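These notes concern the structure reproduced below.
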Amino acid sequence: MAITLSAILNRPLGLILGLIDRPMMAVQRRFGTVGMVYIFLLPNLIIFGLFSFTPALLNIWLSFTGGSSPLISERPFIGLSNYADIFACDSYLQPQTCKVAGFGFWTSLWNTLVFALIQVPVMTLVALATALVLNRRIWGRGFWRAMYFYPVMLSPVVVSIIWDWILKRRGILNQLLTDSIKWSNKVAEQPDAMWFVKIGVLFFLALGALYLVRFSRWAKIIGGIGLAAVAVWIVAVWDPAATFHIGPWRPINWLVDRDSVWPTFWVVFVYSWAHLGFYMLILLAGLQAIPRDIYEAATMDGTSPWRILYRITLPLLMPTLLVVLVLSLIKAFQVFDEVYILTGGGPGDATRFVIQHIYESAFTGETKLYGIAAAYSVLLAFVIFVLTAMQIFLTRRQAGGVS
Amino acid sequence: MRKFSLIAVVGATYAAFVSVAAAQTVELRYMCYADANECEVARELLDKFEAKNPGIKVVIDKVGFSVVRDQLETRLASGQGPDMARVTTLGGLNKYYLDLRPYVKADYWEENFSQPLKWLRVGANDKGIYGFLTQLTITGPFVNKTMFAEAGVPLPNEKATWDDWAEAVAKVQKKLNVYAGIVIDRSGHRFAGPAMSYGAKFFNAEGQPAVIDAGFKAMAERMVKWHKDGLMPNDIWPAASGAKWKDGGDMFINKDAVMHMSGPWRIQSYVEKIGNQFDWAAVPEPCGPAGCSGMPGGAAMVAFKQTKHPAEVAKVMDFMAAEENLKVYFEKTLQIPAHKGLAKKGLDYGSQASPAAVAALKVFTANYDKLLPQSHQLQGYSKNAAIFNAIATYLSQAITGGLTLDEAYKKIDEEVAQAVKN
């Protein structure tokens, strides 16, 4: 009788399971089938209870205490004093009217809200566009999907360090711009080269004219006149030397220029870049769940691609899109690692978000405000709880369950 | 069989020997952060100590400054702290310090470390001996002399005010198209000295903190203006939020700044990192109408009372604080002598020490005599960290426009009052 490989492997497994089986049977006899459910849940409950629920409860208690000791037993109970300090404002929309405890919290909370309101729609739109493109039969589709998902697998610290190398004042982006501007200035100093530039631009205009063939008669006429006018302007008026001569250039301080929107822009950009792939994947799954025959029917009816998008794709994708929106909103309220490393919350408080404020209040510097920081955490937990409830409601509605 | 028994007996005897020796050796832990080679020099001295005291082994846990600043107190509070540490929050950790008086010759310590001992104490009744300074510092500026020479701008004289320096530095910055003129580390401690030169007192007549006054405002207004004018860069004060400390040293090393307001702890790293790239020098403390003050400070080696081996810890502390050992330490780490006897005798930094470093040390030592009395008072105040943090947090906001200066003053006052209350 031949002994198969699986039989060899199954034997030790059978022995081990046999050992577990007897006590488990005894437990089942003692607690019944329903009781077994709780027995299986017990290890997880212990772990979550110990490392999630207990610290959360301790945090709530901590928020009612004062003093500077990190030991709860040594901290005096002060009731709602920490909360009263946080809410002691003339206007919550103007944090400078708050007491110091509220000033940092409301400033960072509004910053977080503004960040979420910009970042979430921008990232969702880009994720949607990417998912739509990658759902088509394009060349190297698997490769592109992997490329967009790749940043999700990177540690937030790595993401921030990479972008810091690119964006700091002596970083890669400024070096590229400096080199390009040097090259541009050099080109502008050579009059002969300017004729080549003009001819090059005219060549591209001619290519544009060829593209007009695809459009309607009126579009051809208007486009043709426009292109001709631009061509005349290029030949007769345009001085490429003036355009190419940029002159001395001072590198832009992308992450700390307090008088510009660059720090906020880059924070949104880097955070979206790092998280885009995850939401793109959810949307891609949503797109693939849409039955193909609906598209086939629409195509047979001669429906235009735009009409298919907003009459078929978007309505059918809406439940997934809503989940993506709520999930990314919750995540945006938890923004910390990438921004903390990239800008440290600066310039000033421009990119200081609520988690950073809580972290720094409790754990950095010589003066540690555990009580106030715990109260901040409770308030933030409330905001996230509301958002999570929204997500659960939407997910259940999508699944057709109880709402 | 006999051979096996012999090996077993020898092995057991050896194991017993080792375990007895291990049981007799006391292991102590010293948490050390470094600006340059401080921990390495401490190691050399501790090797000598261990050779003389075979029963005591000192392990140095070399950590970053942020670990000492952010984590040490929490570890001490939870009873998990080291036996000794190098700290900069001198009075702030007072409740954890081990009083060395029962173990050391108090007269020697009192005589040679009189002022720093006060910084480690809290209240008039505190007579404890808790440690000694491994580094005596005074905030003050460095300048890039090569830039001044290339721009043809003479260095301002010893009585020059901060305004005179700002004007001269701006000329150099403009002429040589340097990225920044003056860079001041992002720290309330660095700001305090110049503010005192403009009349800031920091305390009222009762000795309670009263941070905002005309002198403070005069310097704060200058800081805001210098940032607006581009004399000070966005890379330091505006670049971070909260009380985060940010160092301007790299900008000075990279020739992105003409002047760097820092202190003598920078000397060793400037010697190593600048090399022959350009000539640099520490310059006399710039003045204001009230004086020419920096802020004193330093790092102290302290012992903690939660140690299980107080006598052994005191032995290590006494060894490290001995004149002959401190001489080696200060000379090798290029420090101002924080020891009265050594200050009187002078140090020999050796022929291998860079002339720029020796000259800088002389300037900082001379600057020390110009310190205003409130600078010592502020340095010795146990809650000074709250004052320094509030300055960094809210002055930065005024610089970036998040708050007006008046709003920033109000917030600084509120935060300091809250810290005093706690």
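In the structure tokens, each chain is lettered A, B, ... as it comes, each chain's residues begin at 1, and ligands are numbered from 1 in order of appearance.
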Item to check | Distance-based interface of chain A with chain B, 10 Å, counting only C-alpha atoms, as number ranges by chain | outcome: A: 66-71, 95-101, 103-104, 107, 168-169, 250-251, 253, 255-259, 263, 340, 343-352, 356-357, 360-369
(message) Would you pick out the contacts of stretch 313-322 of chain A at 12 Å or less, using only C-alpha atoms, so that residues sharing its chain but fewer than 5 positions from it are not included, and give the list as a VMD selection string?
(response) chain A and resid 120 to 121 123 to 125 127 to 129 131 to 132 135 279 to 292 294 to 295 298 305 to 308 327 to 329 390 to 400
Expected file contents, prior selection, C-alpha atoms, as a CSV table (one decimal), in the first residue's frame:
```csv
chain,number,residue,atom,x,y,z
A,120,VAL,CA,-10.5,63.7,0.3
A,121,PRO,CA,-12.3,64.9,-2.8
A,123,MET,CA,-7.7,62.0,-3.8
A,124,THR,CA,-11.1,60.3,-4.5
A,125,LEU,CA,-11.4,62.0,-7.9
A,127,ALA,CA,-8.4,57.4,-7.5
A,128,LEU,CA,-11.6,57.2,-9.5
A,129,ALA,CA,-10.0,58.4,-12.7
A,131,ALA,CA,-9.5,53.1,-11.5
A,132,LEU,CA,-11.5,53.9,-14.6
A,135,ASN,CA,-10.2,49.0,-15.6
A,279,TYR,CA,-8.8,53.5,-2.6
A,280,MET,CA,-8.1,52.9,-6.3
A,281,LEU,CA,-8.2,49.2,-5.6
A,282,ILE,CA,-11.6,49.4,-3.8
A,283,LEU,CA,-13.0,51.4,-6.7
A,284,LEU,CA,-11.5,48.9,-9.2
A,285,ALA,CA,-13.3,46.1,-7.4
A,286,GLY,CA,-16.5,48.2,-7.5
A,287,LEU,CA,-16.1,48.7,-11.2
A,288,GLN,CA,-15.5,45.1,-11.9
A,289,ALA,CA,-18.7,44.2,-10.0
A,290,ILE,CA,-20.7,46.2,-12.6
A,291,PRO,CA,-22.2,43.6,-15.0
A,292,ARG,CA,-20.6,43.8,-18.5
A,294,ILE,CA,-25.1,46.7,-19.2
A,295,TYR,CA,-22.1,48.2,-21.0
A,298,ALA,CA,-25.4,50.7,-23.9
A,305,PRO,CA,-18.7,57.1,-23.5
A,306,TRP,CA,-19.4,60.2,-21.3
A,307,ARG,CA,-23.1,59.2,-21.1
A,308,ILE,CA,-22.1,55.7,-20.1
A,327,LEU,CA,-13.1,55.7,4.8
A,328,SER,CA,-10.7,58.4,3.4
A,329,LEU,CA,-12.4,61.0,5.6
A,390,MET,CA,-21.7,57.0,9.0
A,391,GLN,CA,-19.5,54.4,7.3
A,392,ILE,CA,-21.3,51.5,9.0
A,393,PHE,CA,-24.7,53.0,8.0
A,394,LEU,CA,-23.6,53.3,4.4
A,395,THR,CA,-22.0,49.9,4.2
A,396,ARG,CA,-25.1,48.3,5.6
A,397,ARG,CA,-27.4,50.1,3.3
A,398,GLN,CA,-25.1,49.0,0.4
A,399,ALA,CA,-25.4,45.4,1.5
A,400,GLY,CA,-29.1,45.7,1.8
```
**Request:** Might you pull out every residue within 7 Å of A:Leu62, with only C-alpha atoms counted and same-chain residues fewer than 5 positions away left off, and present them as a VMD selection string?
**Result:** chain A and resid 72 371 374
The selected residues should be written to file as an mmCIF file, in the first residue's frame (atoms: N, CA and C atoms).
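For reference, out.cif as written:
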```cif
data_model
loop_
_atom_site.group_PDB
_atom_site.id
_atom_site.type_symbol
_atom_site.label_atom_id
_atom_site.label_comp_id
_atom_site.auth_asym_id
_atom_site.auth_seq_id
_atom_site.Cartn_x
_atom_site.Cartn_y
_atom_site.Cartn_z
ATOM 1 N N ILE A 72 -1.141 57.464 36.797
ATOM 2 C CA ILE A 72 -2.537 57.812 37.064
ATOM 3 C C ILE A 72 -2.796 57.901 38.566
ATOM 4 N N GLY A 371 -3.227 65.153 30.979
ATOM 5 C CA GLY A 371 -4.661 65.299 31.195
ATOM 6 C C GLY A 371 -5.343 65.976 30.023
ATOM 7 N N ALA A 374 -5.298 63.833 26.952
ATOM 8 C CA ALA A 374 -6.304 62.769 27.025
ATOM 9 C C ALA A 374 -7.684 63.322 26.672
#
```
Discussion item. Quick one: residues within 8 Å of stretch 347-351 of chain B, only C-alpha atoms, excluding same-chain residues fewer than 5 positions away - as a ChimeraX atom specification?
Written reply: /B:327,330-332,334,337,342,358
Can I get the selected residues back with N, CA and C atoms, as a CSV table (one decimal), in the first residue's frame?
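Dumped everything to again.csv:
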```csv
chain,number,residue,atom,x,y,z
B,327,LYS,N,39.5,68.0,34.0
B,327,LYS,CA,40.4,68.7,33.1
B,327,LYS,C,40.5,67.9,31.8
B,330,PHE,N,37.1,68.3,29.8
B,330,PHE,CA,36.9,69.7,29.2
B,330,PHE,C,37.8,69.9,28.1
B,331,GLU,N,39.1,69.5,28.3
B,331,GLU,CA,40.1,69.7,27.2
B,331,GLU,C,39.7,68.9,26.0
B,332,LYS,N,39.4,67.7,26.2
B,332,LYS,CA,39.1,66.8,25.0
B,332,LYS,C,37.8,67.1,24.3
B,334,LEU,N,36.5,70.2,24.3
B,334,LEU,CA,36.6,71.6,24.0
B,334,LEU,C,35.5,72.4,24.7
B,337,PRO,N,35.6,75.6,31.1
B,337,PRO,CA,35.7,74.8,32.4
B,337,PRO,C,34.6,75.2,33.3
B,342,LEU,N,39.6,74.7,37.9
B,342,LEU,CA,40.2,74.7,36.6
B,342,LEU,C,40.0,76.0,35.8
B,358,VAL,N,39.9,77.4,19.9
B,358,VAL,CA,40.5,78.0,21.2
B,358,VAL,C,40.1,79.4,21.3
```
What separates atom CA of A:Lys182 and atom CA of B:Lys175 is a distance of 21.1 Å
Can you list, as a short mmCIF file (atom, residue, chain, number, x, y, z; two decimals) with N, CA and C atoms, in the first residue's frame, every protein, DNA or RNA residue that comes within 12 Å of A:Asp337 when you count only C-alpha atoms, leaving out same-chain residues fewer than 4 positions away?
```
data_model
loop_
_atom_site.label_atom_id
_atom_site.label_comp_id
_atom_site.auth_asym_id
_atom_site.auth_seq_id
_atom_site.Cartn_x
_atom_site.Cartn_y
_atom_site.Cartn_z
N SER A 155 6.27 52.21 4.18
CA SER A 155 6.03 52.78 5.50
C SER A 155 5.85 54.30 5.34
N PRO A 156 4.94 54.91 6.11
CA PRO A 156 4.75 56.36 6.00
C PRO A 156 6.05 57.13 6.23
N VAL A 157 6.91 56.60 7.08
CA VAL A 157 8.18 57.27 7.35
C VAL A 157 9.04 57.28 6.08
N VAL A 158 9.06 56.16 5.39
CA VAL A 158 9.85 56.07 4.15
C VAL A 158 9.29 57.05 3.12
N VAL A 159 7.96 57.07 3.00
CA VAL A 159 7.32 57.99 2.05
C VAL A 159 7.76 59.43 2.35
N SER A 160 7.71 59.80 3.61
CA SER A 160 8.04 61.19 3.97
C SER A 160 9.50 61.50 3.73
N ILE A 161 10.36 60.55 4.05
CA ILE A 161 11.79 60.81 3.88
C ILE A 161 12.11 60.96 2.39
N VAL A 267 1.73 68.75 1.23
CA VAL A 267 1.21 67.82 2.24
C VAL A 267 0.02 67.03 1.66
N VAL A 270 1.50 64.62 -1.17
CA VAL A 270 2.25 63.45 -0.69
C VAL A 270 1.31 62.47 0.00
N TYR A 271 0.40 62.99 0.82
CA TYR A 271 -0.52 62.11 1.53
C TYR A 271 -1.42 61.37 0.52
N ALA A 274 0.49 58.68 -1.31
CA ALA A 274 0.78 57.50 -0.50
C ALA A 274 -0.46 56.61 -0.32
N LYS A 331 -9.67 58.48 7.71
CA LYS A 331 -8.20 58.39 7.62
C LYS A 331 -7.60 59.81 7.63
N ALA A 332 -8.27 60.73 6.94
CA ALA A 332 -7.75 62.11 6.88
C ALA A 332 -7.75 62.75 8.27
N ILE A 341 6.71 64.15 9.78
CA ILE A 341 8.10 64.03 9.33
C ILE A 341 8.41 65.05 8.24
N LEU A 342 7.44 65.29 7.39
CA LEU A 342 7.67 66.18 6.24
C LEU A 342 7.78 67.65 6.65
N THR A 343 6.84 68.15 7.42
CA THR A 343 6.84 69.59 7.74
C THR A 343 6.93 69.86 9.24
N GLY A 344 6.74 68.84 10.06
CA GLY A 344 6.75 69.05 11.52
C GLY A 344 5.58 69.93 11.96
N GLY A 345 4.59 70.09 11.08
CA GLY A 345 3.43 70.92 11.44
C GLY A 345 3.56 72.36 10.94
N ARG A 352 -0.19 71.77 11.07
CA ARG A 352 -0.24 71.06 12.37
C ARG A 352 -1.65 70.49 12.51
N PHE A 353 -1.74 69.18 12.49
CA PHE A 353 -3.05 68.54 12.56
C PHE A 353 -3.28 67.98 13.96
N VAL A 354 -4.54 67.55 14.18
CA VAL A 354 -4.97 67.31 15.55
C VAL A 354 -4.19 66.17 16.24
N ILE A 355 -3.84 65.12 15.51
CA ILE A 355 -3.10 64.02 16.15
C ILE A 355 -1.72 64.51 16.59
N GLN A 356 -1.09 65.30 15.75
CA GLN A 356 0.22 65.84 16.13
C GLN A 356 0.10 66.70 17.39
N TYR A 359 -0.26 64.37 20.30
CA TYR A 359 1.01 63.68 20.56
C TYR A 359 2.01 64.61 21.24
#
```
**OP:** Compile the contact shell of B:Tyr381 as a list of chain:residue names: residues with an atom at most 8 Å away, counting only C-alpha atoms, same-chain residues fewer than 4 positions apart removed.
**Re:** B:Gly91, B:Trp119, B:Val122, B:Gln377
